[in-house]
Amino acid sequence: MKLTLKVWRQKDSKAKGQIESYQLDDVSSHMSFLEMMDVLNEKLISEGKEPVAFDHDCREGICGMCSMYINGQPHGPDSGTTTCQLHMRSFKDGDTIYIEPWRSAAFPVVKDLVVDRSSFERIQQAGGFISVNTSGNTQDANAIPVPKADADKAFDAATCIGCGACVAACKNASAMLFVSAKVSQFALLPQGKIEAKDRVQNMVAQMDKEGFGACTNTGACEAECPKGISLENIARLNREYIAASLTSDEH
Amino acid sequence: MSWIKNTFSSSIGKKLLMSITGIFLIVFLVVHLTGNLLLLKGDEGVAFNAYAHFMKHNPLIAASEVILFAGFLLHMIDGIMLWVSNRKARPQKYAVPNKSKTRNWVSKLMGPFGMVILVFLILHLYQFFRFKFFVEPPSHIEIDGEKVADLASIVYAQFKDLTWVLFYVVSMGVVGFHLYHGFASAFQTLGLSHSKYNKLINGVGIAYSVIVPLAFALIPILIKVMCICGPGGCTAGH
Ligand code: HEM
Ligand code: SF4
Ligand code: FES
């Protein structure tokens, strides 16, 4: 099929950037979206032009790198998929496809479609962990009983791949869905209870410091999340935060 | 007390304040509505005037008026602060506007709807307080031997004017939209979300956001359509 691509081009983090138009004449509907981008780049290279920089790694929906805002939706029109899992059969011959980077003060554009998501790393480092003694006599995790329902919910939360689609979709560029998943995966488990109060307060403080917005409970994040993380987690984050504020000795 | 400051200056804390003040205003609207409905009693505003008089002389009510004012102010200042910081979180807009599914379209317009409510509030308070501070009330009545402004007649006269009726009705529509999202949203913000009672919260929220503004809006409509007047006649206040 024939496609018109309107791609955000930006030389570096300081450049202004603009949308450039490209024509692709022979795109197979079996291609993945990233394969289509590879074809575009080969074409650009053969024409002696600068290829489009975009992030990708696993190409199977688990690393969370392939951040592309496609026709007004993070990761494109399909639900429950990352850009790398999106296929060209979701588009029609003659379509015009706009491809933009994530837009958030906390995700500055590095080049073209590549954004710096290290703000997520800093939020994780602020509390997204548990302290376990690894001196050689580490307790078997299964020795601590966990109710099935809690284990399931914790696991659902833990499927968050930190892709940032929630931020990209949110009208407030809020990272609440991401942070709520990272807080929930520990808050639901006995191993996570020990540091629970510090965790939620430190992670929320870091989230604010990075310049993410607040939550209006609009739900665009939940609709775009490739892993189906639900708003229920944000309610849990709020609960954890209220409880920590009222009872913590540290903050 | 720095923990209180820390809590309410965070993003989640600001939302908590939004939610607490919002729920307080939701409760207030019901109280306000029950009073207003007295205007339709068909007794030339006697019951309404007695109610207004009671409100003025009850120290508990006087105290809650201060709390009410503070509640509105906090809700508005906090809402504007959130609105500003949320805009700042995305300095560069997308070329293609967002097409993501949302729970409802209203949630994207909470700020603009809030601003319309604010404009309504300013006019609403002016209509009410001008007789206290600026203008001599057009007519008076006597309650418990005290000469007081005939507020009912002022309201009746005001709503003989179609422009005011329309303005009031549209404003109530906006309050309804604000609460169509706001009601359930406030509970989610408080962390009250569970499959057991989410349906109930959503149901009550939608019912509230339709019934309460509709009841408010019916008052001026009926006053206009049924020509309800007070003892001061229908020209008072003009
Ligand atoms: C009748 C009066 C009002 C009532 C009953 C009311 C109620 C509410 C409720 C329940 C919420 C949801 C809180 C949450 O999501 O946790 C809300 C949100 C909001 N209100 Fe109001 N409100 C009123 C007036 C106003 C006014 C005058 C403004 C003007 C600035 C305003 C601005 C906002 C904003 C901006 C939000 C969204 C905050 C966010 O989530 O980012 N409201 N309101
Ligand atoms: S919550 Fe979903 S959308 Fe947000 S970072 Fe995690 S996986 Fe991506
Ligand atoms: S490239 Fe890893 S999730 Fe898409």
# chains A, B, ... in the order shown; residues from 1 in each chain; ligands from 1
call {"tool": "residues_near_ligand", "arguments": {"ligand": "ligand 3", "cutoff": "8 Å", "atoms": "only C-alpha atoms and all ligand atoms", "output": "ChimeraX atom specification"}}
result
/A:55-67,82-85,161,163
call {"tool": "interface_residues", "arguments": {"of": "chain B", "to": "chain A", "cutoff": "7 Å", "atoms": "only C-alpha atoms", "output": "ChimeraX atom specification"}}
result
/B:3,7,10-12,85-87,89-94,96-103,107-108,185,188-193
call {"tool": "select_by_dssp", "arguments": {"residues": "range 47-180 of chain B", "states": "strand (DSSP E or B)", "output": "JSON, numbers by chain"}}
result
{"B": [140, 141, 142, 143, 146, 147, 148, 149]}
call {"tool": "write_last_selection", "arguments": {"atoms": "all heavy atoms", "output": "mmCIF file, in the first residue's frame"}}
result
data_model
loop_
_atom_site.group_PDB
_atom_site.id
_atom_site.type_symbol
_atom_site.label_atom_id
_atom_site.label_comp_id
_atom_site.auth_asym_id
_atom_site.auth_seq_id
_atom_site.Cartn_x
_atom_site.Cartn_y
_atom_site.Cartn_z
ATOM 1 N N HIS B 140 -40.054 45.409 51.963
ATOM 2 C CA HIS B 140 -39.704 44.775 53.229
ATOM 3 C C HIS B 140 -40.875 43.980 53.766
ATOM 4 O O HIS B 140 -42.024 44.201 53.385
ATOM 5 C CB HIS B 140 -39.298 45.836 54.263
ATOM 6 C CG HIS B 140 -37.987 46.477 53.945
ATOM 7 N ND1 HIS B 140 -37.872 47.545 53.088
ATOM 8 C CD2 HIS B 140 -36.724 46.179 54.354
ATOM 9 C CE1 HIS B 140 -36.598 47.895 52.971
ATOM 10 N NE2 HIS B 140 -35.879 47.067 53.734
ATOM 11 N N ILE B 141 -40.562 43.049 54.641
ATOM 12 C CA ILE B 141 -41.622 42.340 55.351
ATOM 13 C C ILE B 141 -41.240 42.327 56.820
ATOM 14 O O ILE B 141 -40.116 42.679 57.183
ATOM 15 C CB ILE B 141 -41.795 40.896 54.837
ATOM 16 C CG1 ILE B 141 -40.405 40.231 54.725
ATOM 17 C CG2 ILE B 141 -42.541 40.841 53.529
ATOM 18 C CD1 ILE B 141 -40.452 38.756 54.811
ATOM 19 N N GLU B 142 -42.150 41.893 57.629
ATOM 20 C CA GLU B 142 -41.865 41.853 59.060
ATOM 21 C C GLU B 142 -41.846 40.404 59.538
ATOM 22 O O GLU B 142 -42.782 39.640 59.293
ATOM 23 C CB GLU B 142 -42.923 42.655 59.810
ATOM 24 C CG GLU B 142 -42.324 43.354 61.022
ATOM 25 C CD GLU B 142 -43.268 44.396 61.580
ATOM 26 O OE1 GLU B 142 -43.244 45.554 61.089
ATOM 27 O OE2 GLU B 142 -44.027 44.030 62.488
ATOM 28 N N ILE B 143 -40.732 40.010 60.162
ATOM 29 C CA ILE B 143 -40.673 38.672 60.760
ATOM 30 C C ILE B 143 -40.255 38.838 62.213
ATOM 31 O O ILE B 143 -39.262 39.506 62.508
ATOM 32 C CB ILE B 143 -39.656 37.773 60.018
ATOM 33 C CG1 ILE B 143 -40.086 37.591 58.546
ATOM 34 C CG2 ILE B 143 -39.548 36.404 60.695
ATOM 35 C CD1 ILE B 143 -39.132 36.762 57.723
ATOM 36 N N GLU B 146 -39.324 42.164 63.331
ATOM 37 C CA GLU B 146 -38.149 42.808 62.758
ATOM 38 C C GLU B 146 -38.425 43.096 61.292
ATOM 39 O O GLU B 146 -38.961 42.267 60.568
ATOM 40 C CB GLU B 146 -36.961 41.855 62.888
ATOM 41 C CG GLU B 146 -35.609 42.537 62.707
ATOM 42 C CD GLU B 146 -34.468 41.515 62.700
ATOM 43 O OE1 GLU B 146 -34.603 40.469 63.385
ATOM 44 O OE2 GLU B 146 -33.476 41.755 62.010
ATOM 45 N N LYS B 147 -38.003 44.298 60.840
ATOM 46 C CA LYS B 147 -38.198 44.645 59.444
ATOM 47 C C LYS B 147 -37.035 44.082 58.616
ATOM 48 O O LYS B 147 -35.869 44.420 58.858
ATOM 49 C CB LYS B 147 -38.245 46.178 59.315
ATOM 50 C CG LYS B 147 -38.678 46.651 57.942
ATOM 51 C CD LYS B 147 -38.717 48.186 57.913
ATOM 52 C CE LYS B 147 -38.542 48.683 56.487
ATOM 53 N NZ LYS B 147 -37.920 49.975 56.391
ATOM 54 N N VAL B 148 -37.354 43.184 57.698
ATOM 55 C CA VAL B 148 -36.282 42.585 56.891
ATOM 56 C C VAL B 148 -36.599 42.709 55.404
ATOM 57 O O VAL B 148 -37.756 42.893 55.019
ATOM 58 C CB VAL B 148 -36.065 41.082 57.229
ATOM 59 C CG1 VAL B 148 -35.510 40.910 58.626
ATOM 60 C CG2 VAL B 148 -37.355 40.304 57.061
ATOM 61 N N ALA B 149 -35.545 42.604 54.587
ATOM 62 C CA ALA B 149 -35.719 42.701 53.137
ATOM 63 C C ALA B 149 -36.574 41.539 52.638
ATOM 64 O O ALA B 149 -36.440 40.409 53.089
ATOM 65 C CB ALA B 149 -34.353 42.657 52.455
#
call {"tool": "closest_atom_pairs", "arguments": {"of": "chain A", "to": "ligand 2", "cutoff": "7 Å", "atoms": "only C-alpha atoms and all ligand atoms", "output": "CSV"}}
result
residue,atom,partner,partner_atom_place_in_ligand_line,distance
A:Gly64,CA,ligand 2,8 (Fe),6.8
A:Thr159,CA,ligand 2,7 (S),6.8
A:Cys160,CA,ligand 2,7 (S),3.7
A:Ile161,CA,ligand 2,7 (S),4.4
A:Gly162,CA,ligand 2,5 (S),3.5
A:Cys163,CA,ligand 2,8 (Fe),3.9
A:Gly164,CA,ligand 2,5 (S),4.0
A:Ala165,CA,ligand 2,3 (S),4.1
A:Cys166,CA,ligand 2,3 (S),4.0
A:Val167,CA,ligand 2,4 (Fe),6.7
A:Leu177,CA,ligand 2,1 (S),4.8
A:Phe178,CA,ligand 2,1 (S),4.0
A:Ala181,CA,ligand 2,1 (S),6.2
A:Cys221,CA,ligand 2,3 (S),6.2
A:Glu224,CA,ligand 2,3 (S),6.3
A:Cys225,CA,ligand 2,3 (S),3.7
A:Pro226,CA,ligand 2,7 (S),5.7
A:Lys227,CA,ligand 2,7 (S),5.1
A:Gly228,CA,ligand 2,2 (Fe),6.4
A:Ile229,CA,ligand 2,1 (S),5.4
call {"tool": "write_last_selection", "arguments": {"atoms": "all heavy atoms", "output": "short mmCIF file (atom, residue, chain, number, x, y, z; two decimals), in the first residue's frame"}}
result
data_model
loop_
_atom_site.label_atom_id
_atom_site.label_comp_id
_atom_site.auth_asym_id
_atom_site.auth_seq_id
_atom_site.Cartn_x
_atom_site.Cartn_y
_atom_site.Cartn_z
N GLY A 64 9.35 -1.66 26.37
CA GLY A 64 8.73 -0.34 26.56
C GLY A 64 9.46 0.80 25.89
O GLY A 64 9.24 1.96 26.22
N THR A 159 3.14 -5.93 35.55
CA THR A 159 3.34 -6.07 34.10
C THR A 159 3.64 -4.73 33.43
O THR A 159 3.96 -4.70 32.24
CB THR A 159 2.11 -6.70 33.40
OG1 THR A 159 0.97 -5.88 33.66
CG2 THR A 159 1.86 -8.12 33.88
N CYS A 160 3.54 -3.63 34.16
CA CYS A 160 3.88 -2.31 33.60
C CYS A 160 5.31 -2.33 33.07
O CYS A 160 6.23 -2.73 33.78
CB CYS A 160 3.72 -1.23 34.67
SG CYS A 160 4.55 0.33 34.24
N ILE A 161 5.49 -1.92 31.82
CA ILE A 161 6.81 -1.96 31.20
C ILE A 161 7.47 -0.58 31.18
O ILE A 161 8.51 -0.40 30.54
CB ILE A 161 6.74 -2.53 29.76
CG1 ILE A 161 5.71 -1.77 28.92
CG2 ILE A 161 6.43 -4.03 29.79
CD1 ILE A 161 5.67 -2.18 27.45
N GLY A 162 6.86 0.38 31.84
CA GLY A 162 7.47 1.71 31.92
C GLY A 162 7.62 2.40 30.58
O GLY A 162 8.56 3.14 30.34
N CYS A 163 6.64 2.16 29.69
CA CYS A 163 6.76 2.69 28.33
C CYS A 163 6.43 4.19 28.25
O CYS A 163 6.88 4.89 27.35
CB CYS A 163 5.84 1.92 27.39
SG CYS A 163 4.09 2.10 27.79
N GLY A 164 5.61 4.67 29.19
CA GLY A 164 5.27 6.09 29.19
C GLY A 164 4.07 6.45 28.33
O GLY A 164 3.75 7.64 28.16
N ALA A 165 3.37 5.46 27.79
CA ALA A 165 2.19 5.76 26.97
C ALA A 165 1.12 6.46 27.79
O ALA A 165 0.37 7.30 27.28
CB ALA A 165 1.62 4.47 26.37
N CYS A 166 1.05 6.12 29.08
CA CYS A 166 0.07 6.75 29.97
C CYS A 166 0.31 8.26 30.04
O CYS A 166 -0.62 9.05 29.96
CB CYS A 166 0.13 6.12 31.36
SG CYS A 166 1.78 5.81 32.00
N VAL A 167 1.60 8.63 30.16
CA VAL A 167 1.96 10.06 30.22
C VAL A 167 1.62 10.72 28.89
O VAL A 167 1.05 11.81 28.84
CB VAL A 167 3.46 10.22 30.52
CG1 VAL A 167 3.86 11.69 30.46
CG2 VAL A 167 3.81 9.60 31.86
N LEU A 177 -0.46 6.72 36.47
CA LEU A 177 -0.74 5.30 36.22
C LEU A 177 0.55 4.49 36.40
O LEU A 177 0.54 3.43 37.04
CB LEU A 177 -1.32 5.08 34.82
CG LEU A 177 -1.96 3.70 34.63
CD1 LEU A 177 -3.18 3.52 35.51
CD2 LEU A 177 -2.32 3.43 33.18
N PHE A 178 1.64 5.00 35.84
CA PHE A 178 2.93 4.34 36.00
C PHE A 178 3.30 4.21 37.48
O PHE A 178 3.58 3.12 37.97
CB PHE A 178 4.01 5.12 35.24
CG PHE A 178 5.42 4.76 35.61
CD1 PHE A 178 5.98 3.57 35.17
CD2 PHE A 178 6.18 5.60 36.41
CE1 PHE A 178 7.29 3.22 35.52
CE2 PHE A 178 7.49 5.26 36.76
CZ PHE A 178 8.04 4.07 36.32
N ALA A 181 1.18 1.77 39.38
CA ALA A 181 1.51 0.37 39.12
C ALA A 181 2.73 -0.02 39.94
O ALA A 181 2.77 -1.09 40.57
CB ALA A 181 1.77 0.15 37.63
N CYS A 221 -5.08 7.18 30.05
CA CYS A 221 -3.91 6.33 30.35
C CYS A 221 -4.30 4.86 30.31
O CYS A 221 -3.66 4.05 29.64
CB CYS A 221 -3.35 6.68 31.72
SG CYS A 221 -4.56 6.61 33.07
N GLU A 224 -4.93 3.52 26.88
CA GLU A 224 -3.77 3.39 26.00
C GLU A 224 -2.71 2.45 26.54
O GLU A 224 -1.79 2.07 25.81
CB GLU A 224 -3.14 4.77 25.76
CG GLU A 224 -4.01 5.73 24.96
CD GLU A 224 -4.30 5.22 23.56
OE1 GLU A 224 -3.73 4.20 23.13
OE2 GLU A 224 -5.13 5.86 22.88
N CYS A 225 -2.79 2.09 27.81
CA CYS A 225 -1.73 1.26 28.39
C CYS A 225 -1.65 -0.08 27.68
O CYS A 225 -2.63 -0.82 27.62
CB CYS A 225 -2.00 1.03 29.88
SG CYS A 225 -0.83 -0.13 30.61
N PRO A 226 -0.48 -0.43 27.12
CA PRO A 226 -0.37 -1.70 26.39
C PRO A 226 -0.53 -2.89 27.32
O PRO A 226 -0.79 -4.01 26.85
CB PRO A 226 1.03 -1.64 25.79
CG PRO A 226 1.79 -0.65 26.60
CD PRO A 226 0.78 0.35 27.07
N LYS A 227 -0.40 -2.69 28.61
CA LYS A 227 -0.48 -3.80 29.56
C LYS A 227 -1.79 -3.79 30.35
O LYS A 227 -1.96 -4.55 31.31
CB LYS A 227 0.72 -3.77 30.52
CG LYS A 227 2.05 -3.88 29.80
CD LYS A 227 2.16 -5.21 29.02
CE LYS A 227 3.18 -5.11 27.91
NZ LYS A 227 3.21 -6.31 27.05
N GLY A 228 -2.70 -2.90 30.00
CA GLY A 228 -4.02 -2.90 30.65
C GLY A 228 -3.99 -2.55 32.13
O GLY A 228 -4.84 -3.01 32.89
N ILE A 229 -3.02 -1.75 32.56
CA ILE A 229 -3.00 -1.31 33.96
C ILE A 229 -4.24 -0.45 34.22
O ILE A 229 -4.53 0.47 33.46
CB ILE A 229 -1.72 -0.48 34.25
CG1 ILE A 229 -0.45 -1.24 33.87
CG2 ILE A 229 -1.68 -0.01 35.71
CD1 ILE A 229 -0.11 -2.41 34.72
#
call {"tool": "residues_near_ligand", "arguments": {"ligand": "ligand 1", "cutoff": "8 Å", "atoms": "only C-alpha atoms and all ligand atoms", "output": "JSON, numbers by chain"}}
result
{"A": [214, 215, 216, 217], "B": [15, 16, 17, 18, 19, 20, 21, 22, 23, 24, 25, 26, 27, 28, 29, 72, 75, 76, 77, 78, 79, 80, 82, 83, 86, 107, 110, 111, 112, 113, 114, 115, 116, 117, 118, 119, 121, 175, 178, 179, 181, 182, 183, 184, 185, 186, 187, 188, 189, 190]}
call {"tool": "atom_distance", "arguments": {"atom1": "CA of Leu188 in chain A", "atom2": "CA of Val204 in chain B"}}
result
29.4 Å
call {"tool": "atom_distance", "arguments": {"atom1": "CA of Ile61 in chain B", "atom2": "CA of Lys160 in chain B"}}
result
29.7 Å
call {"tool": "residues_around", "arguments": {"residues": "range 211-226 of chain B", "least_positions_apart": "2", "cutoff": "8 Å", "atoms": "only C-alpha atoms", "output": "tab-separated table (two decimals) with C-alpha atoms, in the first residue's frame"}}
result
chain	number	residue	atom	x	y	z
B	29	LEU	CA	-25.87	22.27	47.02
B	30	VAL	CA	-28.49	19.91	48.47
B	33	LEU	CA	-31.69	23.46	46.97
B	36	ASN	CA	-34.72	27.40	47.22
B	37	LEU	CA	-37.58	24.98	46.64
B	39	LEU	CA	-39.86	29.63	46.54
B	40	LEU	CA	-42.31	27.37	44.74
B	156	TYR	CA	-39.44	36.45	41.81
B	159	PHE	CA	-36.77	35.68	37.13
B	160	LYS	CA	-39.47	37.53	35.24
B	161	ASP	CA	-36.53	38.54	33.04
B	162	LEU	CA	-35.97	35.81	30.43
B	165	VAL	CA	-33.77	32.65	33.54
B	168	TYR	CA	-29.43	30.54	35.37
B	169	VAL	CA	-30.57	27.45	33.47
B	172	MET	CA	-27.03	24.87	36.18
B	173	GLY	CA	-26.37	22.76	33.09
B	175	VAL	CA	-22.81	22.58	37.20
B	176	GLY	CA	-24.40	19.31	36.09
B	207	ALA	CA	-28.35	10.78	39.29
B	208	TYR	CA	-27.09	13.68	41.41
B	209	SER	CA	-25.58	15.51	38.45
B	228	ILE	CA	-45.10	33.42	40.73
B	229	CYS	CA	-44.93	36.69	42.66
call {"tool": "atom_distance", "arguments": {"atom1": "CA of Phe54 in chain A", "atom2": "CA of Ala158 in chain A"}}
result
25.7 Å
